[in-house]
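J.: Have a look at this one before I ask anything.
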Amino acid sequence: MKRFFVAAVCVLAGLTATAATTGAAPANSAAAASTAPSWAGWYAGGNVGYGWGGSTGTGIELTDPIHVFGAYAALGGFRFPSVSPKGAVGGGQFGYNFQTGSVVWGAVADFQFSGMKASDTVNVPALGAGVGAFGSETQSHSAKIEWFGTVRGRIGYAFNNFLPYISGGLTYGKVSSTLNLLVDPAFSGFMMAGQSSTTRAGWTIGAGFDYALTNNWSVGLGYLYLDLGRDTVSATPQNLLLNTSGTVIAMNQHFTANILRAVVNYKF
């Protein structure tokens, strides 16, 4: 993602420098400029695309006041899978552009519905031996980005109908996840489970281009990288008296996403 963004900045800077060095335009260039669309003003539109997330699982923490799981953890028993949510996204955006010569700058806000989700389960074989043996288990983890939005500054350089740009700013969104552990019923049937649902805020950067079909309508393609920060989902005992003991398994998570969208806008 960082390489993509750096490349986009370099391309935009190179295009700007090239245009600046050709400022002594012939008469036919002046005629073309007179018919170039104006990018200045309010605009609104819609978008649809696809998102793929970063790895959400970043580590397991154990609170074990009565020493139920300490030995199990020492044997490497906790193997909850990390997941990477992915899926379709779609929504709308509105913004305002200022235009100074060929430089187009302004702000844009959008809101997105998201189908980005993922889940996985691992089977952990029985560990240990004798009275210290632990039965086989299934451990599962799911994560989802339910919706998100951004508020960004944008700056680009217009080549008549073609407007490449870079952007960056604030992102926010709702993330949810679950964590489950089930011991083989033949051994004890012990179960731990938990879920988390929260609204997070973070940062975003991106790049893209718009193409003016008319002075009012434009289409484009844009990329965003989102970092919605860190969250924790915890599982507690569900079917034994241990649920009053303070025993907790917690997974630390980091929600990130790459978003690629096709957009259409109408300038008022």
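Identifiers in the structure tokens: chain A, B, ... in order shown; residue index from 1 per chain; ligand index from 1 in order shown.
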If you count only C-alpha atoms, which residues fall within 12 Å of A:His67, apart from same-chain ones fewer than 4 positions away, as a PyMOL selection string?

T.: chain A and resi 62-63+71-74+242+245-248

J.: Find the spatial neighbours of A:Ala235, counting only C-alpha atoms, within a cut-off of 7 Å - ignore same-chain residues fewer than 6 positions away - and output them as a list in words.

T.: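 Those residues are Leu179, Asn180, Met192, Ala193, Gly194, Val248, Ile249 and Ala250 of chain A.
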
J.: With the cut-off set at 12 Å and counting only C-alpha atoms, tabulate each residue of stretch 133-190 of chain A with an atom at most that distance from an atom of stretch 97-102 of chain A, showing the nearest atom pair and its distance in Å to one decimal, ordered by chain and increasing number, as JSON lines.

T.:
```
{"residue": "A:Gly153", "atom": "CA", "partner": "A:Asn97", "partner_atom": "CA", "distance": 9.9}
{"residue": "A:Arg154", "atom": "CA", "partner": "A:Asn97", "partner_atom": "CA", "distance": 8.5}
{"residue": "A:Ile155", "atom": "CA", "partner": "A:Asn97", "partner_atom": "CA", "distance": 9.0}
{"residue": "A:Gly156", "atom": "CA", "partner": "A:Ser102", "partner_atom": "CA", "distance": 8.4}
{"residue": "A:Tyr157", "atom": "CA", "partner": "A:Ser102", "partner_atom": "CA", "distance": 5.5}
{"residue": "A:Ala158", "atom": "CA", "partner": "A:Ser102", "partner_atom": "CA", "distance": 5.0}
{"residue": "A:Phe159", "atom": "CA", "partner": "A:Ser102", "partner_atom": "CA", "distance": 7.1}
{"residue": "A:Asn160", "atom": "CA", "partner": "A:Ser102", "partner_atom": "CA", "distance": 8.2}
{"residue": "A:Asn161", "atom": "CA", "partner": "A:Ser102", "partner_atom": "CA", "distance": 10.8}
{"residue": "A:Phe162", "atom": "CA", "partner": "A:Ser102", "partner_atom": "CA", "distance": 10.6}
{"residue": "A:Leu163", "atom": "CA", "partner": "A:Ser102", "partner_atom": "CA", "distance": 9.2}
{"residue": "A:Pro164", "atom": "CA", "partner": "A:Ser102", "partner_atom": "CA", "distance": 11.2}
{"residue": "A:Tyr165", "atom": "CA", "partner": "A:Asn97", "partner_atom": "CA", "distance": 11.8}
```

J.: Limited to N, CA and C atoms, could you put the picked residues into a file as an mmCIF file, in the first residue's frame?

T.:
```
data_model
loop_
_atom_site.group_PDB
_atom_site.id
_atom_site.type_symbol
_atom_site.label_atom_id
_atom_site.label_comp_id
_atom_site.auth_asym_id
_atom_site.auth_seq_id
_atom_site.Cartn_x
_atom_site.Cartn_y
_atom_site.Cartn_z
ATOM 1 N N GLY A 153 -9.195 15.649 2.696
ATOM 2 C CA GLY A 153 -8.751 16.703 1.806
ATOM 3 C C GLY A 153 -8.278 16.074 0.505
ATOM 4 N N ARG A 154 -8.439 16.802 -0.608
ATOM 5 C CA ARG A 154 -8.007 16.298 -1.916
ATOM 6 C C ARG A 154 -7.249 17.388 -2.660
ATOM 7 N N ILE A 155 -6.235 16.975 -3.409
ATOM 8 C CA ILE A 155 -5.551 17.908 -4.304
ATOM 9 C C ILE A 155 -5.145 17.158 -5.560
ATOM 10 N N GLY A 156 -5.354 17.808 -6.703
ATOM 11 C CA GLY A 156 -5.017 17.176 -7.968
ATOM 12 C C GLY A 156 -4.609 18.202 -9.003
ATOM 13 N N TYR A 157 -4.276 17.735 -10.182
ATOM 14 C CA TYR A 157 -3.877 18.605 -11.286
ATOM 15 C C TYR A 157 -4.687 18.218 -12.514
ATOM 16 N N ALA A 158 -5.437 19.165 -13.042
ATOM 17 C CA ALA A 158 -6.357 18.891 -14.152
ATOM 18 C C ALA A 158 -5.652 19.005 -15.495
ATOM 19 N N PHE A 159 -5.825 17.984 -16.303
ATOM 20 C CA PHE A 159 -5.407 18.009 -17.704
ATOM 21 C C PHE A 159 -6.691 18.014 -18.533
ATOM 22 N N ASN A 160 -7.311 19.199 -18.616
ATOM 23 C CA ASN A 160 -8.615 19.338 -19.249
ATOM 24 C C ASN A 160 -9.623 18.398 -18.576
ATOM 25 N N ASN A 161 -10.016 17.326 -19.235
ATOM 26 C CA ASN A 161 -11.040 16.429 -18.690
ATOM 27 C C ASN A 161 -10.496 15.423 -17.674
ATOM 28 N N PHE A 162 -9.188 15.291 -17.587
ATOM 29 C CA PHE A 162 -8.568 14.254 -16.752
ATOM 30 C C PHE A 162 -7.992 14.872 -15.486
ATOM 31 N N LEU A 163 -8.390 14.324 -14.315
ATOM 32 C CA LEU A 163 -7.975 14.896 -13.040
ATOM 33 C C LEU A 163 -7.411 13.806 -12.109
ATOM 34 N N PRO A 164 -6.087 13.592 -12.114
ATOM 35 C CA PRO A 164 -5.498 12.705 -11.101
ATOM 36 C C PRO A 164 -5.369 13.461 -9.782
ATOM 37 N N TYR A 165 -5.478 12.750 -8.663
ATOM 38 C CA TYR A 165 -5.454 13.418 -7.356
ATOM 39 C C TYR A 165 -4.908 12.471 -6.291
#
```

J.: Taking the backbone alone, and naming residues the way the document does, which bits of stretch 16-221 of chain A are helix (DSSP H, G or I) by DSSP, as an NGL selection string?

T.: :A and (16-21 or 27-34 or 70-74 or 130-132)

J.: Report as an MDAnalysis selection string: the residues of stretch 33-213 of chain A with a DSSP assignment of strand (DSSP E), based on the backbone of this structure.

T.: chainID A and resid 41:53 57:63 86:100 103:124 137:157 162:183 191:212

J.: Which residue, A:Ser142, A:Thr121, A:Thr56, A:Ser218, has the smallest gap to A:Ala257 when you use only C-alpha atoms?

T.: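 Using only C-alpha atoms, A:Ala257 sits closest to A:Thr56.
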
J.: So, counting only C-alpha atoms, which residue among A:Ala44, A:Gly115, A:Gly70, A:Arg200 is closest to A:Gly92?

T.: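 Among the listed residues, the smallest separation from A:Gly92 belongs to A:Ala44.
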
J.: Do you know which residues are at most 12 Å from A:Asp120 counting only C-alpha atoms, after dropping those on the same chain fewer than 4 positions away, and could you put them as number ranges by chain?

T.: A: 56-57, 79-85, 138-143, 177-180

J.: Can those selected residues be exported to a file as a PDB file, in the first residue's frame so that it contains N, CA and C atoms?

T.:
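out_20.pdb was written with the following content:
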```pdb
ATOM      1  N   THR A  56      -6.435  -9.187  11.205  1.00  0.00           N
ATOM      2  CA  THR A  56      -6.998  -8.566  12.399  1.00  0.00           C
ATOM      3  C   THR A  56      -6.421  -9.100  13.694  1.00  0.00           C
ATOM      4  N   GLY A  57      -5.963 -10.350  13.732  1.00  0.00           N
ATOM      5  CA  GLY A  57      -5.480 -10.917  14.983  1.00  0.00           C
ATOM      6  C   GLY A  57      -4.031 -10.563  15.233  1.00  0.00           C
ATOM      7  N   ARG A  79      -4.468 -21.118  19.599  1.00  0.00           N
ATOM      8  CA  ARG A  79      -4.111 -20.973  18.189  1.00  0.00           C
ATOM      9  C   ARG A  79      -5.234 -20.297  17.399  1.00  0.00           C
ATOM     10  N   PHE A  80      -5.950 -19.401  18.021  1.00  0.00           N
ATOM     11  CA  PHE A  80      -7.042 -18.699  17.340  1.00  0.00           C
ATOM     12  C   PHE A  80      -6.541 -18.122  16.021  1.00  0.00           C
ATOM     13  N   PRO A  81      -7.266 -18.341  14.934  1.00  0.00           N
ATOM     14  CA  PRO A  81      -6.789 -17.876  13.624  1.00  0.00           C
ATOM     15  C   PRO A  81      -6.951 -16.371  13.460  1.00  0.00           C
ATOM     16  N   SER A  82      -6.019 -15.763  12.752  1.00  0.00           N
ATOM     17  CA  SER A  82      -6.168 -14.388  12.314  1.00  0.00           C
ATOM     18  C   SER A  82      -6.964 -14.384  11.009  1.00  0.00           C
ATOM     19  N   VAL A  83      -7.794 -13.382  10.814  1.00  0.00           N
ATOM     20  CA  VAL A  83      -8.635 -13.329   9.614  1.00  0.00           C
ATOM     21  C   VAL A  83      -8.479 -11.987   8.908  1.00  0.00           C
ATOM     22  N   SER A  84      -8.817 -11.958   7.623  1.00  0.00           N
ATOM     23  CA  SER A  84      -8.706 -10.748   6.797  1.00  0.00           C
ATOM     24  C   SER A  84     -10.036 -10.496   6.100  1.00  0.00           C
ATOM     25  N   PRO A  85     -10.884  -9.624   6.663  1.00  0.00           N
ATOM     26  CA  PRO A  85     -12.197  -9.370   6.063  1.00  0.00           C
ATOM     27  C   PRO A  85     -12.083  -8.865   4.633  1.00  0.00           C
ATOM     28  N   THR A 138     -11.773 -26.904  19.260  1.00  0.00           N
ATOM     29  CA  THR A 138     -11.930 -26.053  18.088  1.00  0.00           C
ATOM     30  C   THR A 138     -11.890 -24.612  18.568  1.00  0.00           C
ATOM     31  N   GLN A 139     -11.156 -23.779  17.861  1.00  0.00           N
ATOM     32  CA  GLN A 139     -11.032 -22.362  18.203  1.00  0.00           C
ATOM     33  C   GLN A 139     -11.367 -21.546  16.965  1.00  0.00           C
ATOM     34  N   SER A 140     -12.301 -20.633  17.084  1.00  0.00           N
ATOM     35  CA  SER A 140     -12.763 -19.865  15.923  1.00  0.00           C
ATOM     36  C   SER A 140     -12.733 -18.378  16.202  1.00  0.00           C
ATOM     37  N   HIS A 141     -12.620 -17.629  15.115  1.00  0.00           N
ATOM     38  CA  HIS A 141     -12.522 -16.164  15.173  1.00  0.00           C
ATOM     39  C   HIS A 141     -13.204 -15.606  13.924  1.00  0.00           C
ATOM     40  N   SER A 142     -14.023 -14.596  14.097  1.00  0.00           N
ATOM     41  CA  SER A 142     -14.637 -13.910  12.954  1.00  0.00           C
ATOM     42  C   SER A 142     -14.496 -12.411  13.135  1.00  0.00           C
ATOM     43  N   ALA A 143     -14.469 -11.689  12.038  1.00  0.00           N
ATOM     44  CA  ALA A 143     -14.362 -10.229  12.083  1.00  0.00           C
ATOM     45  C   ALA A 143     -15.102  -9.629  10.899  1.00  0.00           C
ATOM     46  N   SER A 177     -16.667  -8.522  15.959  1.00  0.00           N
ATOM     47  CA  SER A 177     -15.913  -9.762  15.925  1.00  0.00           C
ATOM     48  C   SER A 177     -16.413 -10.722  16.995  1.00  0.00           C
ATOM     49  N   THR A 178     -16.081 -11.996  16.833  1.00  0.00           N
ATOM     50  CA  THR A 178     -16.419 -13.029  17.809  1.00  0.00           C
ATOM     51  C   THR A 178     -15.204 -13.908  18.057  1.00  0.00           C
ATOM     52  N   LEU A 179     -15.196 -14.548  19.222  1.00  0.00           N
ATOM     53  CA  LEU A 179     -14.133 -15.463  19.606  1.00  0.00           C
ATOM     54  C   LEU A 179     -14.777 -16.637  20.331  1.00  0.00           C
ATOM     55  N   ASN A 180     -14.449 -17.870  19.916  1.00  0.00           N
ATOM     56  CA  ASN A 180     -15.066 -19.059  20.516  1.00  0.00           C
ATOM     57  C   ASN A 180     -14.038 -20.163  20.719  1.00  0.00           C
TER      58      ASN A 180
END
```
